[in-house]
Every structure is written in structure tokens, then in C-alpha cells.
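Worksheet: one structure, shown below.
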Amino acid sequence: MSVSDYNKKAKAGNFVVAVAVLVCGIAFVLYRVGLLSKMVSLNDMATALGVVVVVLLFGLVVAYQWHINAQRREIMDRDREISFVQSAMDMHSVVTVTDENATILSVNDKFLKEFGYTKYEAIGKKMDLIHANLGDESVFEDILKATKEGRSWEGRHPARTKSGEIRYYRATIVPQFDDKGVHVGNVSIRHDITDLRKAEETKRTNAILSKLHDEVYIFDSETLDIVYMNERALERCEWTAEESLTKRVLDTEAGFNEMAFRAHTQPLMDGSKSSVVIAVKQAKGYVEVHTSLLEQLDGTTVFVSVARDITDRMAIDKAKMSSVSVVSHELRTPITSIKGSLQLLEAQASTTLNDSSKSLVSIALRNCDRLMFIVNDILDMEKIHSGKMEYNRQANSLNGLLEESIEVNKGYGDQHGVKFNYVPSTDEALANCDHDRMIQVMSNLMSNAVKFSPEGSTVEIALHDNVKNWCISVADEGPGIKPEDQTRLFESFSQAKPADGKKRVGTGLGLAITKKIVQHHGGTLGLKSEVGKGTTFYVYLPKLEQMAA
């Protein structure tokens, strides 16, 4: 009932009362002047007065009842209005009532639905129930401080649901006081703005990424469905933004190998690396793709891949490598001849040379082997760059291959006082790979591990199942590699400086060649290193049945 309607009915009741009082007043006046006694007999007058009194009382009862009914209707209308407002608030707002110390006294259904608690779980708990474990407790403290000082608090804040999901709210917290002005509690009203915040962040991010010269792809980590592509990426794929949302990242390039991509990004999924890099040849040239894993506001994860055109850089590297390979080819023949002569001289050294001369021949022969190793590395890298590296891939047992690799490198380990310990897989562990190239891969990793291990230590080699891949690990007890040096470890002619500062001899090509060979097999090469605690290299190779699929 509106105030004006109530006033009208109240005036009507007052009018009835006024009429009744007026009738009684007239009757009394007539009686006093004797006019009424002349008009009617005494008995008739008494009867008339009785009737007037009855009418008066009836009018008073009717007026009072009318007034009571009007108040009742007003209260019922107000209750309906309050109920309507409460229903609307329950539908759109999270409402909580707490005492002065932020202990929950009551919550509405919207709170229970959004945060996933029952009333039993929520009531009696502190409001930091939804603020806890967010890494920043200042919001809850600010709210508590403001309300204790008698001030309302308004603002945005994150909140954690029972399931651990992070959502964002716009909140208003109003302190309540008793008749004496004592703070007795707070009423909180919150509106979920998670989707709004997500839209704002997406809009802001898209505005930044859209004009980048590099191609940017954001896609779901599970389904590989594309979530976003910037203008450069859309231009290369010849799609509109709307079309891209119906595609998977596999559609961006003909022959995209999902299994190889899963193996490549496995270190992101298991948390061993924050980003992975790969150079791939596409129809329009070479690109270097940096991929990271990003958690969104709703808890889902997406891959963010940034592709940079490195065609010009690859052309320069190829020209540089071609020049070096020409020199290497020219060196190979004389080195082979020198090595042969030294080997003949060493064979006759026991009868014709003294101890000093024998030592010189032995040193010369080792250096000759080292030169040949460098030349072979350079020629291998040139073959990889030119696409002329030959692979004879067939089903191989990785257990057998690793045991053979250990046998090949045992002599090198013995020279440095380092042992190999192998933990084989209990499965057959078959992979489609080139036997000799994989021996080369493992020899590079094992010799590096020996080179950086202290004398008397052990290099641990293990093979285990990693869902769709086999994972080979080679772990040493060396000085470790600094994080800033790890990113360039797989570049050609690059050697990371060991944490202990001690220089080790090498070409700087071994790991670059190893990574290229592993990638050619659809696998991934990565590492995990901590200064002072050693380094572990990981090789992920697709299982044989996955390659067949």
C-alpha cells in the first residue's frame, strides 16, 4: 500500500468518527434547551438517545476496524515488497550477515550456490573463508578495519570457492549499530563480476597482441581448440577472427603432428619448464615458436604460442654452416691421413720409441681424434640444415639401445672415474627410431654428463613410461647450469658456462645436433638443472603404437 492510499482510508475513518460525535453533540444541545422534550416524549427521547449511542458505538467500531484493516493491508503490502526485494536480491546478489568480528551469522541461497558451502559449513566461520589462500590477505583486513571504524567498504576483490575456483566480486559492506551506537555487525552484498573482468582482460590483451609483428595463437591445452589469433596469424592462415574460433591449432599448418606437439609441450604440463621453443619449417618459411602454459581466471589452462619468422636468420646460418662444412670436408682427408700415420707409429712405438716419444704420439693421436670428432659434428649439422641427414627408422627396443649406449661410453666414463647406473623400464619399450642416430644422441648426453661429473660420482640413466611417450633421463652430479644459460644451451656453437667456472672442452654442437635428431623422431629434448645439485636431461620419444596410430 502506498502512503497516499493509507492517508485516504485514515481520513475516511476520521470522518465517520466526526459524524458520530456531531450527532451526539446535537442531541445533547437539543436536550439542554428543552426543544427535544417538546418534540417527543421522555421515553421516546431516551429511545432516540439510545439509538444515537448505538449508532455512535457502531460507527466507532466500524471506523476502528477500518483503521486496523488498513494497517494490516499496509503491513502485508510492505511484507510483499520486502519479500520481492529479498527474492530479487537472492537472485542477483550474494548476501551475508556477520557480527562485528566478521563471523558469519547468516547467508542467502546465492552465497551457498556460488561458493559451494552448506549453511552448516559457512555459519560460525570467519569471512576469510572466502578470502583465504589468495596470496594477499590485505582486502579482508581492510574490510575489517573499515567496518570497526564505522565506515562502509566498497570495491572489487577476488574470492575462493570451496572447490578452489577463484572468482571476482564487486562488494559493498555496511556496518550495523544498535540504539546506543555500538557496532554489532555487518551486512555484505556482493555481485559476481568474473565474466566482466575476464572480458575486460581479454579485450585489453587482444588490443596489445593484435598489432604484434609476430604470430600469436592462444588455444585450449586439452582440446587444442583456438581461443584467439592476432591479425598476423589470421593473415597467414587466411581466416577471419570468427572462422578461427571454429578451428583447432592443428588446422594452422598442413601436416601438423599432434603427437609430436604433445611430446614437445609435456614439460609445460608436468611443470618442469615454463616455456618451450622449437624451430619448424612451414610452407612460407622457417618459424621459431615459443610456447607457454597460462592459467585463466576460471582455472582452465591454455597454450600461448608466439611464432617468429626466422627464414632470413636460417638462411644466414645455412650460409655460415655451408662455408664451415666446406673447410671441414677439406680437413677430413688430411686428418684421416695423419691419424693413420700416428696409429702406425703408435703400433711400432714399443720397440723404436722412448717413453717421452710414446707420450707425444699418444697425445697427438688423441688430439687427432678430437679434431675428427669436431669435423664430424660440423658435417652432421650441415646435413641437418640442408635436410640431407639420412634416417633409417624401424622398431627398436629402448632398453637394449640404452644398454648398448652405456657399453659404448663406459670407457670414457672410466677415464674420468665416473660410473653409469641404468634403471630399465619393466615394459618392452619399443620406439620407431634410427638405431645409430639414437646411439649418437645418447652418447652426446652421456659424455656430457661424464664431462661435468666429479670423479667418483655416478651418472643415473632411467627409462620410464610417460603416457604416450617413453621418457629417457640422464642425470649427473655436476655443478648445474644457471637458468640464464639454459635457454641458449641448444644453439649451435654455444656452450653454457658451468656454475663452478671450470672450463670443459667441446665443440658447442653436440646438444644442438642431439635436439635436431630427437625432433626429427617426433620427440622432445629438455632439461632440469639446479646450481650445485646437478643436471638432468630428458628425451621424450613417441611410443611405437602411437606412431602407428
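How things are named: the first chain in the C-alpha cells is A, the next is B, and so on; residues count from 1 in each chain; ligands count from 1 in the order shown.
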
Can you pull out every residue within 8 Å of range 289-299 of chain A, counting only C-alpha atoms, but drop anything in the same chain fewer than 4 positions away, and send it as a ChimeraX atom specification? /A:165-167,194,198,221,265,268-269,274-280,303-308

So that I can check the secondary structure, give me every residue of range 57-291 of chain A assigned strand (DSSP E) by backbone DSSP, as a PyMOL selection string. chain A and resi 94-99+104-107+153-160+166-177+183-192+215-220+226-229+275-282+285-291

Please identify all polymer residues within 10 Å of Leu144 in chain A, counting only C-alpha atoms, omitting same-chain residues fewer than 5 positions from it, and present them as a list of chain:residue names. A:Glu100, A:Asn101, A:Ala102, A:Met127, A:Ser138, A:Val139, A:Glu149, A:Arg151, A:Trp153, A:Ile173, A:Pro175, A:Asn186

Mind writing the picked residues with all heavy atoms as an mmCIF file, in the first residue's frame?
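New file result.cif:
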```
data_model
loop_
_atom_site.group_PDB
_atom_site.id
_atom_site.type_symbol
_atom_site.label_atom_id
_atom_site.label_comp_id
_atom_site.auth_asym_id
_atom_site.auth_seq_id
_atom_site.Cartn_x
_atom_site.Cartn_y
_atom_site.Cartn_z
ATOM 1 N N GLU A 100 30.320 -8.264 14.542
ATOM 2 C CA GLU A 100 31.317 -7.196 14.415
ATOM 3 C C GLU A 100 32.714 -7.724 14.113
ATOM 4 O O GLU A 100 33.573 -6.986 13.624
ATOM 5 C CB GLU A 100 31.349 -6.328 15.678
ATOM 6 C CG GLU A 100 31.916 -6.998 16.919
ATOM 7 C CD GLU A 100 30.890 -7.859 17.654
ATOM 8 O OE1 GLU A 100 29.807 -8.126 17.074
ATOM 9 O OE2 GLU A 100 31.168 -8.248 18.801
ATOM 10 N N ASN A 101 32.964 -9.025 14.381
ATOM 11 C CA ASN A 101 34.278 -9.617 14.133
ATOM 12 C C ASN A 101 34.326 -10.423 12.836
ATOM 13 O O ASN A 101 35.242 -11.224 12.640
ATOM 14 C CB ASN A 101 34.681 -10.505 15.311
ATOM 15 C CG ASN A 101 34.863 -9.713 16.592
ATOM 16 O OD1 ASN A 101 35.495 -8.653 16.588
ATOM 17 N ND2 ASN A 101 34.287 -10.195 17.681
ATOM 18 N N ALA A 102 33.328 -10.222 11.994
ATOM 19 C CA ALA A 102 33.246 -10.870 10.673
ATOM 20 C C ALA A 102 32.964 -12.369 10.767
ATOM 21 O O ALA A 102 33.287 -13.126 9.855
ATOM 22 C CB ALA A 102 34.515 -10.619 9.851
ATOM 23 N N MET A 127 34.713 -14.581 7.746
ATOM 24 C CA MET A 127 34.554 -14.255 6.329
ATOM 25 C C MET A 127 35.834 -14.485 5.539
ATOM 26 O O MET A 127 35.805 -14.507 4.307
ATOM 27 C CB MET A 127 34.110 -12.799 6.157
ATOM 28 C CG MET A 127 32.611 -12.585 6.282
ATOM 29 S SD MET A 127 31.638 -13.543 5.101
ATOM 30 C CE MET A 127 32.104 -12.768 3.576
ATOM 31 N N SER A 138 45.223 -8.594 2.377
ATOM 32 C CA SER A 138 45.003 -7.186 2.718
ATOM 33 C C SER A 138 43.549 -6.764 2.545
ATOM 34 O O SER A 138 43.061 -5.904 3.270
ATOM 35 C CB SER A 138 45.913 -6.300 1.868
ATOM 36 O OG SER A 138 45.620 -6.454 0.493
ATOM 37 N N VAL A 139 42.823 -7.351 1.583
ATOM 38 C CA VAL A 139 41.429 -6.965 1.343
ATOM 39 C C VAL A 139 40.576 -7.263 2.572
ATOM 40 O O VAL A 139 39.819 -6.413 3.043
ATOM 41 C CB VAL A 139 40.864 -7.690 0.106
ATOM 42 C CG1 VAL A 139 39.359 -7.455 -0.010
ATOM 43 C CG2 VAL A 139 41.550 -7.205 -1.157
ATOM 44 N N GLU A 149 35.709 0.822 12.257
ATOM 45 C CA GLU A 149 35.761 2.280 12.396
ATOM 46 C C GLU A 149 34.440 2.930 12.022
ATOM 47 O O GLU A 149 34.327 4.160 11.995
ATOM 48 C CB GLU A 149 36.881 2.836 11.512
ATOM 49 C CG GLU A 149 38.280 2.442 11.986
ATOM 50 C CD GLU A 149 39.367 2.919 11.037
ATOM 51 O OE1 GLU A 149 39.014 3.472 9.971
ATOM 52 O OE2 GLU A 149 40.561 2.750 11.365
ATOM 53 N N ARG A 151 32.881 2.682 9.091
ATOM 54 C CA ARG A 151 32.807 3.092 7.686
ATOM 55 C C ARG A 151 32.371 1.926 6.810
ATOM 56 O O ARG A 151 32.701 0.775 7.068
ATOM 57 C CB ARG A 151 34.178 3.583 7.205
ATOM 58 C CG ARG A 151 34.687 4.800 7.902
ATOM 59 C CD ARG A 151 36.035 5.258 7.343
ATOM 60 N NE ARG A 151 37.128 4.362 7.734
ATOM 61 C CZ ARG A 151 37.755 3.543 6.906
ATOM 62 N NH1 ARG A 151 37.365 3.460 5.627
ATOM 63 N NH2 ARG A 151 38.744 2.778 7.333
ATOM 64 N N TRP A 153 32.540 -0.202 3.280
ATOM 65 C CA TRP A 153 33.644 -0.543 2.368
ATOM 66 C C TRP A 153 33.054 -0.934 1.022
ATOM 67 O O TRP A 153 32.118 -1.742 0.946
ATOM 68 C CB TRP A 153 34.463 -1.693 2.921
ATOM 69 C CG TRP A 153 35.711 -2.013 2.131
ATOM 70 C CD1 TRP A 153 36.961 -1.534 2.360
ATOM 71 C CD2 TRP A 153 35.829 -2.868 0.981
ATOM 72 N NE1 TRP A 153 37.857 -2.026 1.434
ATOM 73 C CE2 TRP A 153 37.186 -2.858 0.573
ATOM 74 C CE3 TRP A 153 34.915 -3.633 0.253
ATOM 75 C CZ2 TRP A 153 37.646 -3.580 -0.520
ATOM 76 C CZ3 TRP A 153 35.365 -4.354 -0.843
ATOM 77 C CH2 TRP A 153 36.727 -4.322 -1.222
ATOM 78 N N ILE A 173 30.051 -3.462 1.857
ATOM 79 C CA ILE A 173 29.912 -3.963 3.226
ATOM 80 C C ILE A 173 29.524 -2.789 4.114
ATOM 81 O O ILE A 173 30.250 -1.789 4.189
ATOM 82 C CB ILE A 173 31.216 -4.629 3.742
ATOM 83 C CG1 ILE A 173 31.516 -5.898 2.945
ATOM 84 C CG2 ILE A 173 31.080 -4.982 5.209
ATOM 85 C CD1 ILE A 173 32.313 -5.690 1.699
ATOM 86 N N PRO A 175 28.374 -1.447 7.940
ATOM 87 C CA PRO A 175 28.331 -1.778 9.373
ATOM 88 C C PRO A 175 26.947 -1.471 9.961
ATOM 89 O O PRO A 175 26.266 -0.530 9.525
ATOM 90 C CB PRO A 175 29.411 -0.877 9.974
ATOM 91 C CG PRO A 175 29.502 0.286 9.037
ATOM 92 C CD PRO A 175 29.191 -0.249 7.670
ATOM 93 N N ASN A 186 27.742 -6.578 10.427
ATOM 94 C CA ASN A 186 27.869 -6.042 9.069
ATOM 95 C C ASN A 186 26.930 -6.787 8.124
ATOM 96 O O ASN A 186 26.662 -7.983 8.307
ATOM 97 C CB ASN A 186 29.300 -6.204 8.553
ATOM 98 C CG ASN A 186 30.337 -5.650 9.510
ATOM 99 O OD1 ASN A 186 30.296 -4.484 9.896
ATOM 100 N ND2 ASN A 186 31.273 -6.507 9.912
#
```

Distance of CA of His520 in chain A from CA of Lys410 in chain A, expressed in Å to one decimal place: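 Between these atoms lies a distance of 27.1 Å.
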
Can you list, as a ChimeraX atom specification, every protein, DNA or RNA residue that comes within 7 Å of Ser457 in chain A when you count only C-alpha atoms, leaving out same-chain residues fewer than 3 positions away? /A:418-419,453-454,477

Report as a VMD selection string all protein, DNA and RNA residues lying within 8 Å of Tyr538 in chain A, evaluated on only C-alpha atoms, omitting residues in the same chain fewer than 5 positions from it. chain A and resid 471 to 474 524 to 527

Report as JSON, numbers by chain all protein, DNA and RNA residues lying within 8 Å of His183 in chain A, evaluated on only C-alpha atoms, omitting residues in the same chain fewer than 4 positions from it. {"A": [100, 148, 150, 175, 176, 177, 178]}

Would you mind exporting the chosen residues as an mmCIF file, in the first residue's frame, restricted to all heavy atoms?
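The resulting out_19.cif:
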```cif
data_model
loop_
_atom_site.group_PDB
_atom_site.id
_atom_site.type_symbol
_atom_site.label_atom_id
_atom_site.label_comp_id
_atom_site.auth_asym_id
_atom_site.auth_seq_id
_atom_site.Cartn_x
_atom_site.Cartn_y
_atom_site.Cartn_z
ATOM 1 N N GLU A 100 30.320 -8.264 14.542
ATOM 2 C CA GLU A 100 31.317 -7.196 14.415
ATOM 3 C C GLU A 100 32.714 -7.724 14.113
ATOM 4 O O GLU A 100 33.573 -6.986 13.624
ATOM 5 C CB GLU A 100 31.349 -6.328 15.678
ATOM 6 C CG GLU A 100 31.916 -6.998 16.919
ATOM 7 C CD GLU A 100 30.890 -7.859 17.654
ATOM 8 O OE1 GLU A 100 29.807 -8.126 17.074
ATOM 9 O OE2 GLU A 100 31.168 -8.248 18.801
ATOM 10 N N LYS A 148 35.003 -1.699 11.575
ATOM 11 C CA LYS A 148 35.220 -1.441 13.006
ATOM 12 C C LYS A 148 35.295 0.057 13.286
ATOM 13 O O LYS A 148 35.002 0.500 14.400
ATOM 14 C CB LYS A 148 36.488 -2.146 13.478
ATOM 15 C CG LYS A 148 36.309 -3.649 13.705
ATOM 16 C CD LYS A 148 37.545 -4.271 14.310
ATOM 17 C CE LYS A 148 37.326 -5.748 14.621
ATOM 18 N NZ LYS A 148 36.294 -5.936 15.672
ATOM 19 N N GLY A 150 33.441 2.098 11.699
ATOM 20 C CA GLY A 150 32.113 2.626 11.389
ATOM 21 C C GLY A 150 31.950 3.085 9.956
ATOM 22 O O GLY A 150 30.992 3.791 9.634
ATOM 23 N N PRO A 175 28.374 -1.447 7.940
ATOM 24 C CA PRO A 175 28.331 -1.778 9.373
ATOM 25 C C PRO A 175 26.947 -1.471 9.961
ATOM 26 O O PRO A 175 26.266 -0.530 9.525
ATOM 27 C CB PRO A 175 29.411 -0.877 9.974
ATOM 28 C CG PRO A 175 29.502 0.286 9.037
ATOM 29 C CD PRO A 175 29.191 -0.249 7.670
ATOM 30 N N GLN A 176 26.512 -2.251 10.960
ATOM 31 C CA GLN A 176 25.238 -2.055 11.641
ATOM 32 C C GLN A 176 25.492 -1.692 13.106
ATOM 33 O O GLN A 176 26.433 -2.205 13.732
ATOM 34 C CB GLN A 176 24.406 -3.341 11.567
ATOM 35 C CG GLN A 176 24.141 -3.830 10.153
ATOM 36 C CD GLN A 176 23.260 -2.867 9.379
ATOM 37 O OE1 GLN A 176 22.135 -2.581 9.785
ATOM 38 N NE2 GLN A 176 23.766 -2.362 8.263
ATOM 39 N N PHE A 177 24.625 -0.813 13.655
ATOM 40 C CA PHE A 177 24.805 -0.316 15.025
ATOM 41 C C PHE A 177 23.522 -0.492 15.820
ATOM 42 O O PHE A 177 22.414 -0.478 15.257
ATOM 43 C CB PHE A 177 25.216 1.162 15.012
ATOM 44 C CG PHE A 177 26.442 1.450 14.192
ATOM 45 C CD1 PHE A 177 26.347 1.792 12.854
ATOM 46 C CD2 PHE A 177 27.700 1.346 14.774
ATOM 47 C CE1 PHE A 177 27.469 2.029 12.093
ATOM 48 C CE2 PHE A 177 28.840 1.587 14.007
ATOM 49 C CZ PHE A 177 28.724 1.936 12.669
ATOM 50 N N ASP A 178 23.641 -0.674 17.150
ATOM 51 C CA ASP A 178 22.441 -0.755 18.000
ATOM 52 C C ASP A 178 22.002 0.642 18.408
ATOM 53 O O ASP A 178 22.562 1.650 17.919
ATOM 54 C CB ASP A 178 22.709 -1.642 19.221
ATOM 55 C CG ASP A 178 23.810 -1.094 20.121
ATOM 56 O OD1 ASP A 178 24.193 0.087 19.957
ATOM 57 O OD2 ASP A 178 24.289 -1.848 20.997
#
```

Between CA of Asn409 in chain A and CA of Met442 in chain A, what distance in Å does the model show, to one decimal?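 Atom-to-atom, CA of Asn409 in chain A to CA of Met442 in chain A, that is 9.2 Å.
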